[in-house]
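Pasted below: entry.csv, CSV, C-alpha atoms (C1' of nucleotides).
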chain,number,residue,atom,x,y,z
M,1171,MET,CA,-15.5,1.4,1.8
M,1172,GLN,CA,-12.9,-1.3,2.5
M,1173,ALA,CA,-11.8,-2.0,-1.0
M,1174,ALA,CA,-11.3,1.7,-1.7
M,1175,LEU,CA,-8.8,1.9,1.2
M,1176,ASP,CA,-7.0,-1.2,-0.2
M,1177,ARG,CA,-6.6,0.5,-3.5
M,1178,THR,CA,-5.5,3.9,-2.1
M,1179,PHE,CA,-2.9,2.5,0.3
M,1180,HIS,CA,-1.7,0.2,-2.5
M,1181,ALA,CA,-1.4,3.1,-4.8
M,1182,LEU,CA,0.7,5.0,-2.3
M,1183,SER,CA,3.0,2.0,-1.7
M,1184,ASP,CA,4.9,2.7,-4.9
M,1185,PRO,CA,7.6,5.4,-4.9
M,1186,THR,CA,7.0,6.4,-8.5
M,1187,ARG,CA,3.3,6.9,-7.8
M,1188,ARG,CA,4.1,8.9,-4.7
M,1189,ALA,CA,6.4,11.1,-6.8
M,1190,MET,CA,3.5,11.7,-9.1
M,1191,VAL,CA,1.2,12.6,-6.2
M,1192,GLN,CA,3.9,14.9,-4.9
M,1193,ARG,CA,4.1,16.6,-8.3
M,1194,LEU,CA,0.3,16.9,-8.6
M,1195,SER,CA,0.0,18.3,-5.1
M,1196,ARG,CA,1.7,21.4,-6.5
M,1197,GLY,CA,-0.8,21.7,-9.3
M,1198,PRO,CA,-2.2,19.9,-12.4
M,1199,ALA,CA,0.2,18.4,-15.0
M,1200,THR,CA,0.0,16.6,-18.3
M,1201,VAL,CA,1.1,12.9,-18.7
M,1202,SER,CA,4.3,14.1,-20.5
M,1203,GLU,CA,5.1,16.5,-17.7
M,1204,LEU,CA,4.6,13.8,-15.1
M,1205,ALA,CA,6.8,11.4,-17.2
M,1206,ARG,CA,9.6,13.8,-17.8
M,1207,PRO,CA,11.5,13.4,-14.4
M,1208,LEU,CA,11.0,9.7,-14.4
M,1209,THR,CA,13.2,7.0,-15.9
M,1210,ILE,CA,10.5,4.6,-17.0
M,1211,SER,CA,8.7,4.2,-20.3
M,1212,LEU,CA,5.6,6.2,-21.1
M,1213,PRO,CA,3.3,3.2,-21.0
M,1214,ALA,CA,4.6,2.5,-17.5
M,1215,VAL,CA,3.7,6.0,-16.5
M,1216,VAL,CA,0.2,5.6,-17.9
M,1217,GLN,CA,-0.2,2.4,-16.0
M,1218,HIS,CA,0.7,4.1,-12.7
M,1219,LEU,CA,-1.7,6.9,-13.6
M,1220,GLN,CA,-4.5,4.3,-14.1
M,1221,VAL,CA,-3.8,2.9,-10.6
M,1222,LEU,CA,-4.0,6.4,-9.1
M,1223,GLU,CA,-7.2,7.2,-11.0
M,1224,ASN,CA,-8.9,3.8,-10.2
M,1225,CYS,CA,-8.6,4.5,-6.5
M,1226,GLY,CA,-9.8,8.1,-6.9
M,1227,VAL,CA,-6.5,9.8,-5.8
M,1228,ILE,CA,-6.3,11.7,-9.1
M,1229,ARG,CA,-8.7,12.6,-11.9
M,1230,SER,CA,-7.8,13.3,-15.5
M,1231,GLU,CA,-9.3,14.8,-18.6
M,1232,LYS,CA,-8.2,14.8,-22.2
M,1233,VAL,CA,-8.4,17.9,-24.3
M,1234,GLY,CA,-7.2,17.4,-27.8
M,1235,ARG,CA,-4.2,15.1,-27.6
M,1236,VAL,CA,-3.2,16.2,-24.1
M,1237,ARG,CA,-4.4,14.6,-20.9
M,1238,THR,CA,-4.2,16.7,-17.8
M,1239,CYS,CA,-4.1,15.2,-14.4
M,1240,ALA,CA,-5.0,16.7,-11.0
M,1241,ILE,CA,-5.3,15.6,-7.4
M,1242,GLU,CA,-8.7,14.5,-6.1
M,1243,PRO,CA,-8.4,15.2,-2.4
M,1244,ASN,CA,-11.1,12.8,-1.0
M,1245,ALA,CA,-9.3,9.5,-1.4
M,1246,LEU,CA,-6.1,10.7,0.2
M,1247,SER,CA,-8.0,12.3,3.0
M,1248,ALA,CA,-9.8,9.0,3.7
M,1249,ALA,CA,-6.5,7.2,4.0
M,1250,GLU,CA,-5.1,9.8,6.3
M,1251,ARG,CA,-8.2,9.6,8.4
M,1252,TRP,CA,-8.0,5.9,8.7
M,1253,ILE,CA,-4.5,6.2,10.3
M,1254,SER,CA,-5.5,9.2,12.3
M,1255,ASP,CA,-8.5,7.4,13.8
M,1256,ARG,CA,-6.4,4.4,14.9
M,1257,ARG,CA,-3.8,6.8,16.3
M,1258,GLN,CA,-6.5,8.3,18.5
M,1259,LEU,CA,-7.4,4.9,19.8
M,1260,TRP,CA,-3.9,4.0,20.9
M,1261,GLU,CA,-3.1,7.5,22.2
M,1262,ARG,CA,-6.2,7.4,24.4
M,1263,ARG,CA,-5.1,4.0,25.7
M,1264,LEU,CA,-1.6,5.3,26.5
M,1265,ASP,CA,-3.2,8.3,28.2
M,1266,ARG,CA,-5.3,6.1,30.4
M,1267,LEU,CA,-2.3,4.0,31.2
M,1268,ALA,CA,-0.3,7.1,32.2
M,1269,ASP,CA,-3.2,8.3,34.4
M,1270,PHE,CA,-3.3,4.9,36.1
M,1271,LEU,CA,0.4,4.9,36.7
M,1272,ASP,CA,0.2,8.5,38.1
M,1273,ASP,CA,-2.7,7.5,40.4
M,1274,ALA,CA,-0.8,4.4,41.6
M,1275,ASP,CA,2.2,6.6,42.3
M,1276,ALA,CA,0.2,9.2,44.2
M,1277,ALA,CA,-2.1,6.9,46.2
M,1278,PRO,CA,-0.7,3.3,46.3
M,1279,ARG,CA,-3.2,0.8,47.8
M,1280,LYS,CA,-1.3,-2.2,48.8
M,1281,SER,CA,2.3,-1.3,49.6
M,1282,PRO,CA,3.4,2.0,51.3
M,1283,GLY,CA,5.0,4.5,49.0
M,1284,LYS,CA,8.7,5.0,48.9
M,1285,GLY,CA,8.3,8.7,48.9
M,1286,GLU,CA,8.9,10.9,45.8
M,1287,PRO,CA,11.6,9.7,43.4
M,1288,GLY,CA,14.6,12.0,43.0
P,1239,MET,CA,13.4,6.9,4.1
P,1240,GLN,CA,11.7,6.1,0.9
P,1241,ALA,CA,11.6,2.3,1.2
P,1242,ALA,CA,10.1,2.5,4.7
P,1243,LEU,CA,7.1,4.3,3.4
P,1244,ASP,CA,6.8,1.8,0.5
P,1245,ARG,CA,6.6,-1.0,3.1
P,1246,THR,CA,4.2,0.9,5.4
P,1247,PHE,CA,1.7,1.8,2.8
P,1248,HIS,CA,1.9,-1.7,1.3
P,1249,ALA,CA,1.3,-3.2,4.7
P,1250,LEU,CA,-1.8,-1.0,5.1
P,1251,SER,CA,-3.2,-2.0,1.6
P,1252,ASP,CA,-4.4,-5.4,2.9
P,1253,PRO,CA,-7.7,-5.5,4.8
P,1254,THR,CA,-6.5,-8.4,7.0
P,1255,ARG,CA,-3.5,-6.4,8.1
P,1256,ARG,CA,-5.6,-3.3,8.7
P,1257,ALA,CA,-7.9,-5.4,10.9
P,1258,MET,CA,-4.8,-6.5,12.9
P,1259,VAL,CA,-3.7,-2.9,13.3
P,1260,GLN,CA,-7.2,-1.9,14.3
P,1261,ARG,CA,-7.2,-4.7,17.0
P,1262,LEU,CA,-3.7,-3.7,18.2
P,1263,SER,CA,-4.7,0.0,18.4
P,1264,ARG,CA,-6.9,-1.1,21.4
P,1265,GLY,CA,-4.0,-2.8,23.1
P,1266,PRO,CA,-1.5,-5.6,22.8
P,1267,ALA,CA,-2.5,-9.1,21.7
P,1268,THR,CA,-1.0,-12.5,21.2
P,1269,VAL,CA,-0.8,-14.2,17.7
P,1270,SER,CA,-3.7,-16.5,18.6
P,1271,GLU,CA,-5.9,-13.6,19.7
P,1272,LEU,CA,-5.1,-11.8,16.5
P,1273,ALA,CA,-5.9,-15.0,14.5
P,1274,ARG,CA,-9.2,-15.8,16.3
P,1275,PRO,CA,-11.5,-13.5,14.4
P,1276,LEU,CA,-9.9,-14.2,11.1
P,1277,THR,CA,-10.8,-17.0,8.6
P,1278,ILE,CA,-7.3,-17.7,7.3
P,1279,SER,CA,-4.7,-20.2,8.5
P,1280,LEU,CA,-2.3,-19.5,11.3
P,1281,PRO,CA,0.8,-19.4,9.1
P,1282,ALA,CA,-1.0,-16.8,6.9
P,1283,VAL,CA,-1.6,-14.7,10.1
P,1284,VAL,CA,2.1,-15.0,11.0
P,1285,GLN,CA,3.1,-13.9,7.5
P,1286,HIS,CA,0.9,-10.8,7.8
P,1287,LEU,CA,2.5,-10.1,11.2
P,1288,GLN,CA,5.9,-10.3,9.6
P,1289,VAL,CA,4.9,-7.7,7.0
P,1290,LEU,CA,3.7,-5.4,9.7
P,1291,GLU,CA,6.8,-5.9,11.8
P,1292,ASN,CA,9.2,-5.5,8.9
P,1293,CYS,CA,7.9,-2.0,8.3
P,1294,GLY,CA,7.9,-1.1,11.9
P,1295,VAL,CA,4.2,-0.8,12.3
P,1296,ILE,CA,4.1,-3.3,15.1
P,1297,ARG,CA,6.7,-4.9,17.4
P,1298,SER,CA,6.5,-8.3,19.1
P,1299,GLU,CA,8.1,-10.2,21.8
P,1300,LYS,CA,8.0,-13.9,22.7
P,1301,VAL,CA,7.7,-15.0,26.2
P,1302,GLY,CA,7.6,-18.7,26.7
P,1303,ARG,CA,5.6,-20.0,23.8
P,1304,VAL,CA,3.4,-16.9,23.5
P,1305,ARG,CA,4.3,-14.0,21.2
P,1306,THR,CA,2.7,-10.7,22.1
P,1307,CYS,CA,2.3,-8.0,19.5
P,1308,ALA,CA,1.8,-4.2,20.0
P,1309,ILE,CA,1.5,-1.1,17.9
P,1310,GLU,CA,4.7,0.9,17.2
P,1311,PRO,CA,3.4,4.4,16.5
P,1312,ASN,CA,6.2,5.9,14.6
P,1313,ALA,CA,5.8,4.1,11.3
P,1314,LEU,CA,2.1,4.8,11.0
P,1315,SER,CA,2.7,8.4,12.0
P,1316,ALA,CA,5.3,8.8,9.2
P,1317,ALA,CA,2.7,7.5,6.7
P,1318,GLU,CA,0.0,9.8,8.1
P,1319,ARG,CA,2.5,12.7,7.9
P,1320,TRP,CA,3.4,12.0,4.3
P,1321,ILE,CA,-0.3,12.4,3.2
P,1322,SER,CA,-0.8,15.4,5.5
P,1323,ASP,CA,2.2,17.2,4.1
P,1324,ARG,CA,0.9,16.8,0.5
P,1325,ARG,CA,-2.5,17.8,1.6
P,1326,GLN,CA,-1.1,21.0,2.9
P,1327,LEU,CA,0.5,21.7,-0.5
P,1328,TRP,CA,-2.7,21.4,-2.4
P,1329,GLU,CA,-4.8,23.2,0.2
P,1330,ARG,CA,-2.5,26.2,0.0
P,1331,ARG,CA,-2.6,26.1,-3.7
P,1332,LEU,CA,-6.4,26.0,-3.6
P,1333,ASP,CA,-6.4,28.9,-1.1
P,1334,ARG,CA,-4.3,31.0,-3.4
P,1335,LEU,CA,-6.6,30.1,-6.2
P,1336,ALA,CA,-9.6,31.2,-4.2
P,1337,ASP,CA,-7.9,34.4,-3.2
P,1338,PHE,CA,-7.1,35.1,-6.8
P,1339,LEU,CA,-10.7,34.5,-7.8
P,1340,ASP,CA,-12.0,36.7,-5.0
P,1341,ASP,CA,-9.6,39.5,-6.0
P,1342,ALA,CA,-10.6,39.2,-9.6
P,1343,ASP,CA,-14.3,39.3,-8.5
P,1344,ALA,CA,-13.8,42.3,-6.2
P,1345,ALA,CA,-11.5,44.3,-8.5
P,1346,PRO,CA,-11.8,43.2,-12.1
P,1347,ARG,CA,-9.1,44.6,-14.4
P,1348,LYS,CA,-10.5,44.1,-17.9
P,1349,SER,CA,-14.2,43.6,-17.7
P,1350,PRO,CA,-16.6,45.3,-15.3
P,1351,GLY,CA,-17.9,43.2,-12.4
P,1352,LYS,CA,-21.5,41.9,-12.3
P,1353,GLY,CA,-21.9,43.1,-8.7
P,1354,GLU,CA,-22.1,40.9,-5.7
P,1355,PRO,CA,-23.5,37.4,-6.2
P,1356,GLY,CA,-26.7,36.4,-4.3
J,495,DA,C1',-0.9,15.7,-47.1
J,496,DT,C1',3.4,14.9,-44.1
J,497,DG,C1',5.5,14.5,-40.1
J,498,DA,C1',5.9,15.4,-35.4
J,499,DT,C1',3.5,15.2,-31.0
J,500,DA,C1',0.8,13.0,-27.1
J,501,DG,C1',-0.9,9.4,-25.7
J,502,DT,C1',-2.9,4.4,-26.0
J,503,DT,C1',-3.2,-0.6,-26.6
J,504,DA,C1',-1.4,-5.2,-26.6
J,505,DA,C1',1.6,-8.8,-25.5
J,506,DG,C1',4.9,-10.9,-22.7
J,507,DC,C1',8.0,-11.5,-18.9
J,508,DA,C1',10.3,-11.6,-14.2
J,509,DT,C1',9.1,-11.0,-9.7
J,510,DG,C1',6.2,-10.5,-5.7
J,511,DT,C1',2.1,-11.6,-2.9
J,512,DA,C1',-1.3,-14.2,-0.3
J,513,DC,C1',-2.5,-18.3,0.6
J,514,DT,C1',-2.5,-23.3,1.5
J,515,DT,C1',-1.1,-27.9,3.8
J,516,DA,C1',2.3,-30.7,6.1
J,517,DA,C1',5.7,-31.2,9.2
J,518,DG,C1',8.7,-29.3,12.9
J,519,DT,C1',10.2,-26.6,17.4
J,520,DG,C1',10.1,-25.2,21.9
J,521,DT,C1',6.8,-24.7,26.3
J,522,DT,C1',3.7,-25.9,29.7
J,523,DG,C1',0.6,-28.7,32.7
J,524,DG,C1',-0.7,-33.2,34.4
A,377,DC,C1',7.4,-38.6,30.5
A,378,DC,C1',3.8,-37.1,27.4
A,379,DA,C1',0.3,-34.7,25.3
A,380,DA,C1',-1.8,-30.3,24.4
A,381,DC,C1',-0.5,-25.7,23.1
A,382,DA,C1',1.4,-21.8,20.6
A,383,DC,C1',3.6,-20.9,17.2
A,384,DT,C1',7.3,-21.7,13.2
A,385,DT,C1',9.3,-23.4,8.9
A,386,DA,C1',9.1,-25.2,4.4
A,387,DA,C1',7.3,-26.0,0.0
A,388,DG,C1',4.2,-25.2,-3.4
A,389,DT,C1',0.4,-22.8,-6.0
A,390,DA,C1',-2.5,-19.2,-8.1
A,391,DC,C1',-2.7,-14.7,-9.2
A,392,DA,C1',-1.2,-9.7,-9.2
A,393,DT,C1',2.3,-6.2,-10.2
A,394,DG,C1',5.6,-3.4,-12.7
A,395,DC,C1',8.0,-3.2,-16.4
A,396,DT,C1',9.3,-3.7,-21.2
A,397,DT,C1',8.9,-3.2,-26.6
A,398,DA,C1',6.2,-2.8,-30.7
A,399,DA,C1',2.6,-1.2,-33.0
A,400,DC,C1',-1.4,1.9,-33.1
A,401,DT,C1',-4.6,6.2,-32.9
A,402,DA,C1',-5.7,10.8,-32.8
A,403,DT,C1',-4.3,15.7,-32.9
A,404,DC,C1',-1.6,19.6,-34.3
A,405,DA,C1',1.6,22.4,-37.2
A,406,DT,C1',3.4,23.3,-41.8
Translate this file's structure into structure tokens.
Amino acid sequence: MQAALDRTFHALSDPTRRAMVQRLSRGPATVSELARPLTISLPAVVQHLQVLENCGVIRSEKVGRVRTCAIEPNALSAAERWISDRRQLWERRLDRLADFLDDADAAPRKSPGKGEPG
Amino acid sequence: MQAALDRTFHALSDPTRRAMVQRLSRGPATVSELARPLTISLPAVVQHLQVLENCGVIRSEKVGRVRTCAIEPNALSAAERWISDRRQLWERRLDRLADFLDDADAAPRKSPGKGEPG
DNA sequence: ATGATAGTTAAGCATGTACTTAAGTGTTGG
DNA sequence: CCAACACTTAAGTACATGCTTAACTATCAT
């Protein structure tokens, strides 16, 4: 879905949120644990977590008064795949270009070759 | 660099800009060619191109009155790698967790096993 | 019950983003 | 020269974002 990618890439565009994702990649953490290394207020942390949760990059569950957050791999993988798919497009194009240039060098049609370079 | 990733992910968070990247993945294009399938004004297109160029996702060159744009692979690869690196972190963690659970199942310490599942 | 803990909600503010229209610059073809 | 062309710049508007402080709720320990 288009809007899901919008939200995922937007979520990753903020360094604070990337730091949270980085932390959660190593394992689940509570809101306070995520906030501890950061210099912003707790409400700001919670707002970032909402952004990450709204795009499905993390999930969270509250037990008692403690909310524990964890990575939800699918959303990040979708973003990674979007880039990867485009990379394959342009890499194939560059490969074809390289092939063409090799062929043109090995068997020129119009003008006689100048011999091998070097 | 941190700010470069900020800009790259932000650039990708807009569907119009992703459409431009998609188009350019298939090969270079002029500003007008990029604008043609879009429903927004030309200045808006140029603003999007500036965002993409400022983060190094594309480069462009003007010849005469025509500006030609092309993908610049490095910035996108850096973004892809950021996600990929975190994915490896959590995948390793999940693997270790799976190993632990397998071991606990195969050689339980406290309570006797229930035999093989299935 | 009392107070500390962990998080939540609400309101407001400064800045940033995406878009528009209008007008301008430099290039090319007749 | 002159008009069409391909952008480019400027100015303005509407809305989104990231942050703050203040006040609130719910849970846990004593």
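If you look at CA of Arg1262 (chain M) and CA of Gln1260 (chain P), they are 13.8 Å away from each other.
Between CA of Arg1193 (chain M) and CA of Leu1327 (chain P) there is a distance of 10.0 Å.
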**Message:** Between CA of Pro1213 (chain M) and CA of Ala1174 (chain M), what distance in Å does the model show, to one decimal?
**Reply:**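 It comes out at 24.2 Å.
Residue nearest chain A, chosen from M:Ala1240, M:Ala1214, M:Cys1225, M:Leu1264 and counting all atoms listed in the file: M:Ala1214.
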Please write out chain M, superposed on chain P by least squares over all C-alpha atoms matched in order, as an mmCIF file with C-alpha atoms, in the frame of the given file.
data_model
loop_
_atom_site.group_PDB
_atom_site.id
_atom_site.type_symbol
_atom_site.label_atom_id
_atom_site.label_comp_id
_atom_site.auth_asym_id
_atom_site.auth_seq_id
_atom_site.Cartn_x
_atom_site.Cartn_y
_atom_site.Cartn_z
ATOM 1 C CA MET M 1171 13.216 6.871 4.052
ATOM 2 C CA GLN M 1172 11.464 6.005 0.778
ATOM 3 C CA ALA M 1173 11.498 2.279 1.043
ATOM 4 C CA ALA M 1174 10.088 2.407 4.567
ATOM 5 C CA LEU M 1175 7.026 4.310 3.262
ATOM 6 C CA ASP M 1176 6.636 1.679 0.480
ATOM 7 C CA ARG M 1177 6.544 -1.039 3.039
ATOM 8 C CA THR M 1178 4.167 0.742 5.470
ATOM 9 C CA PHE M 1179 1.616 1.755 2.835
ATOM 10 C CA HIS M 1180 1.873 -1.764 1.377
ATOM 11 C CA ALA M 1181 1.272 -3.235 4.733
ATOM 12 C CA LEU M 1182 -1.838 -1.144 5.209
ATOM 13 C CA SER M 1183 -3.199 -2.081 1.756
ATOM 14 C CA ASP M 1184 -4.397 -5.437 3.038
ATOM 15 C CA PRO M 1185 -7.704 -5.622 4.939
ATOM 16 C CA THR M 1186 -6.590 -8.470 7.168
ATOM 17 C CA ARG M 1187 -3.494 -6.525 8.197
ATOM 18 C CA ARG M 1188 -5.578 -3.445 8.848
ATOM 19 C CA ALA M 1189 -7.862 -5.547 11.063
ATOM 20 C CA MET M 1190 -4.816 -6.574 12.995
ATOM 21 C CA VAL M 1191 -3.660 -2.964 13.369
ATOM 22 C CA GLN M 1192 -7.157 -2.061 14.476
ATOM 23 C CA ARG M 1193 -7.040 -4.806 17.110
ATOM 24 C CA LEU M 1194 -3.552 -3.793 18.305
ATOM 25 C CA SER M 1195 -4.536 -0.147 18.511
ATOM 26 C CA ARG M 1196 -6.705 -1.192 21.454
ATOM 27 C CA GLY M 1197 -3.818 -2.879 23.187
ATOM 28 C CA PRO M 1198 -1.241 -5.716 22.849
ATOM 29 C CA ALA M 1199 -2.380 -9.234 21.803
ATOM 30 C CA THR M 1200 -0.862 -12.638 21.271
ATOM 31 C CA VAL M 1201 -0.665 -14.281 17.761
ATOM 32 C CA SER M 1202 -3.549 -16.647 18.764
ATOM 33 C CA GLU M 1203 -5.682 -13.742 19.882
ATOM 34 C CA LEU M 1204 -5.028 -11.883 16.654
ATOM 35 C CA ALA M 1205 -5.831 -15.105 14.660
ATOM 36 C CA ARG M 1206 -8.996 -15.946 16.459
ATOM 37 C CA PRO M 1207 -11.442 -13.545 14.568
ATOM 38 C CA LEU M 1208 -9.864 -14.313 11.272
ATOM 39 C CA THR M 1209 -10.720 -17.062 8.805
ATOM 40 C CA ILE M 1210 -7.241 -17.807 7.540
ATOM 41 C CA SER M 1211 -4.669 -20.349 8.642
ATOM 42 C CA LEU M 1212 -2.220 -19.590 11.413
ATOM 43 C CA PRO M 1213 0.784 -19.516 9.117
ATOM 44 C CA ALA M 1214 -1.043 -16.908 7.046
ATOM 45 C CA VAL M 1215 -1.508 -14.829 10.132
ATOM 46 C CA VAL M 1216 2.178 -15.092 10.979
ATOM 47 C CA GLN M 1217 3.058 -14.030 7.499
ATOM 48 C CA HIS M 1218 0.924 -10.875 7.788
ATOM 49 C CA LEU M 1219 2.509 -10.230 11.176
ATOM 50 C CA GLN M 1220 5.997 -10.445 9.553
ATOM 51 C CA VAL M 1221 4.936 -7.820 6.967
ATOM 52 C CA LEU M 1222 3.705 -5.508 9.739
ATOM 53 C CA GLU M 1223 6.871 -6.023 11.788
ATOM 54 C CA ASN M 1224 9.275 -5.601 8.765
ATOM 55 C CA CYS M 1225 7.901 -2.140 8.132
ATOM 56 C CA GLY M 1226 8.017 -1.221 11.834
ATOM 57 C CA VAL M 1227 4.195 -0.842 12.325
ATOM 58 C CA ILE M 1228 4.228 -3.446 15.110
ATOM 59 C CA ARG M 1229 6.841 -5.014 17.373
ATOM 60 C CA SER M 1230 6.661 -8.416 19.002
ATOM 61 C CA GLU M 1231 8.335 -10.395 21.721
ATOM 62 C CA LYS M 1232 8.182 -14.036 22.663
ATOM 63 C CA VAL M 1233 7.934 -15.115 26.246
ATOM 64 C CA GLY M 1234 7.815 -18.822 26.673
ATOM 65 C CA ARG M 1235 5.693 -20.173 23.844
ATOM 66 C CA VAL M 1236 3.600 -17.018 23.494
ATOM 67 C CA ARG M 1237 4.424 -14.111 21.233
ATOM 68 C CA THR M 1238 2.864 -10.815 22.106
ATOM 69 C CA CYS M 1239 2.410 -8.115 19.591
ATOM 70 C CA ALA M 1240 1.974 -4.345 20.051
ATOM 71 C CA ILE M 1241 1.720 -1.234 17.925
ATOM 72 C CA GLU M 1242 4.879 0.763 17.221
ATOM 73 C CA PRO M 1243 3.505 4.225 16.588
ATOM 74 C CA ASN M 1244 6.385 5.764 14.505
ATOM 75 C CA ALA M 1245 5.816 3.998 11.212
ATOM 76 C CA LEU M 1246 2.118 4.739 11.101
ATOM 77 C CA SER M 1247 2.718 8.306 12.066
ATOM 78 C CA ALA M 1248 5.207 8.693 9.190
ATOM 79 C CA ALA M 1249 2.633 7.463 6.723
ATOM 80 C CA GLU M 1250 0.006 9.770 8.059
ATOM 81 C CA ARG M 1251 2.424 12.629 7.857
ATOM 82 C CA TRP M 1252 3.285 11.912 4.312
ATOM 83 C CA ILE M 1253 -0.419 12.332 3.308
ATOM 84 C CA SER M 1254 -0.881 15.231 5.628
ATOM 85 C CA ASP M 1255 2.072 17.109 4.129
ATOM 86 C CA ARG M 1256 0.776 16.692 0.556
ATOM 87 C CA ARG M 1257 -2.683 17.743 1.744
ATOM 88 C CA GLN M 1258 -1.171 20.992 2.986
ATOM 89 C CA LEU M 1259 0.375 21.615 -0.373
ATOM 90 C CA TRP M 1260 -2.847 21.278 -2.317
ATOM 91 C CA GLU M 1261 -4.953 23.088 0.304
ATOM 92 C CA ARG M 1262 -2.589 26.063 0.160
ATOM 93 C CA ARG M 1263 -2.889 26.048 -3.630
ATOM 94 C CA LEU M 1264 -6.703 25.988 -3.452
ATOM 95 C CA ASP M 1265 -6.539 28.804 -0.904
ATOM 96 C CA ARG M 1266 -4.464 30.934 -3.195
ATOM 97 C CA LEU M 1267 -6.790 30.181 -6.036
ATOM 98 C CA ALA M 1268 -9.810 31.234 -3.944
ATOM 99 C CA ASP M 1269 -8.023 34.471 -2.935
ATOM 100 C CA PHE M 1270 -7.312 35.205 -6.598
ATOM 101 C CA LEU M 1271 -10.870 34.572 -7.593
ATOM 102 C CA ASP M 1272 -12.107 36.818 -4.697
ATOM 103 C CA ASP M 1273 -9.680 39.595 -5.744
ATOM 104 C CA ALA M 1274 -10.785 39.308 -9.399
ATOM 105 C CA ASP M 1275 -14.385 39.542 -8.252
ATOM 106 C CA ALA M 1276 -13.779 42.568 -6.051
ATOM 107 C CA ALA M 1277 -11.441 44.554 -8.325
ATOM 108 C CA PRO M 1278 -11.671 43.297 -11.972
ATOM 109 C CA ARG M 1279 -8.968 44.839 -14.223
ATOM 110 C CA LYS M 1280 -10.056 44.395 -17.720
ATOM 111 C CA SER M 1281 -13.841 44.203 -17.932
ATOM 112 C CA PRO M 1282 -16.259 46.232 -15.690
ATOM 113 C CA GLY M 1283 -17.939 44.246 -12.983
ATOM 114 C CA LYS M 1284 -21.481 43.099 -13.289
ATOM 115 C CA GLY M 1285 -22.228 44.154 -9.799
ATOM 116 C CA GLU M 1286 -22.704 41.680 -6.890
ATOM 117 C CA PRO M 1287 -24.258 38.324 -7.790
ATOM 118 C CA GLY M 1288 -27.625 37.578 -6.191
#
**Prompt:** Leaving out Pro1185 (chain M) and any residue of its chain fewer than 3 positions from it, which residues lie within 12 Å of it when counting all atoms listed in the file, given as number ranges by chain?
**Reply:** M: 1180-1182, 1188-1192, 1208, 1218; P: 1239-1248; A: 394
**Item:** Counting all atoms listed in the file, chain J residues within 9 Å of chain P, as a list of chain:residue names
**Value:** J:DA512, J:DC513, J:DT514, J:DG520, J:DT521, J:DT522
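All polymer residues at most 9 Å from (-5.7, -10.8, 14.5), using all atoms listed in the file, appear as Thr1254, Arg1255, Ala1257, Met1258, Val1259, Arg1261, Leu1262, Ala1267, Thr1268, Val1269, Ser1270, Glu1271, Leu1272, Ala1273, Arg1274, Pro1275, Leu1276, Val1283 and Leu1287 of chain P.
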**Residue nearest chain A - candidates P:Val1295, P:Asn1312, P:Leu1280, P:Arg1324, atoms counted: all atoms listed in the file** =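 Looking at the shortest contact to chain A, the residue is P:Leu1280.
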**Request:** Please provide as JSON, numbers by chain all residues within 6 Å of Ile1228 (chain M), with the sequence filter that same-chain residues fewer than 3 positions apart are discarded (counting all atoms listed in the file).
**Result:** {"M": [1222, 1223, 1240, 1241, 1242]}
**Fill in**
Nearest to chain A, restricted to all atoms listed in the file and choosing among P:Gln1326, P:Thr1277, P:Ser1315, P:Thr1306, comes out as P:Thr1306
Could you give me, as JSON lines, every chain A residue with an atom at most 9 Å from chain P, plus its closest atom pair and distance in Å to one decimal, counting all atoms listed in the file, rows ordered by chain then number?
{"residue": "A:DC381", "atom": "C1'", "partner": "P:Arg1303", "partner_atom": "CA", "distance": 8.4}
{"residue": "A:DA382", "atom": "C1'", "partner": "P:Arg1303", "partner_atom": "CA", "distance": 5.6}
{"residue": "A:DC383", "atom": "C1'", "partner": "P:Arg1303", "partner_atom": "CA", "distance": 7.0}
{"residue": "A:DT384", "atom": "C1'", "partner": "P:Pro1281", "partner_atom": "CA", "distance": 8.0}
Work out where the centre of an axis-aligned box around every listed atom of region 1213-1229 of chain M lies and how long its edges are once 5 Å is added on each side; give both in Å to one decimal as lines of an AutoDock Vina configuration file.
center_x = -2.6
center_y = 7.5
center_z = -13.4
size_x = 24.4
size_y = 20.2
size_z = 25.2
In the coordinate frame of the file, compute which residues have an atom within 12 Å of (10.3, -8.9, -13.9) when using only C-alpha atoms (C1' of nucleotides), and state them as an mmCIF file with C-alpha atoms (C1' of nucleotides), in the frame of the given file.
data_model
loop_
_atom_site.group_PDB
_atom_site.id
_atom_site.type_symbol
_atom_site.label_atom_id
_atom_site.label_comp_id
_atom_site.auth_asym_id
_atom_site.auth_seq_id
_atom_site.Cartn_x
_atom_site.Cartn_y
_atom_site.Cartn_z
ATOM 1 C "C1'" DG J 506 4.900 -10.900 -22.700
ATOM 2 C "C1'" DC J 507 8.000 -11.500 -18.900
ATOM 3 C "C1'" DA J 508 10.300 -11.600 -14.200
ATOM 4 C "C1'" DT J 509 9.100 -11.000 -9.700
ATOM 5 C "C1'" DG J 510 6.200 -10.500 -5.700
ATOM 6 C "C1'" DT A 393 2.300 -6.200 -10.200
ATOM 7 C "C1'" DG A 394 5.600 -3.400 -12.700
ATOM 8 C "C1'" DC A 395 8.000 -3.200 -16.400
ATOM 9 C "C1'" DT A 396 9.300 -3.700 -21.200
#
**Item:** Proximity to chain M - best of P:Asp1323, P:Ala1317, P:Glu1299, P:Trp1328, only C-alpha atoms
**Value:**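 Comparing P:Asp1323, P:Ala1317, P:Glu1299, P:Trp1328 against chain M, the winner is P:Trp1328.
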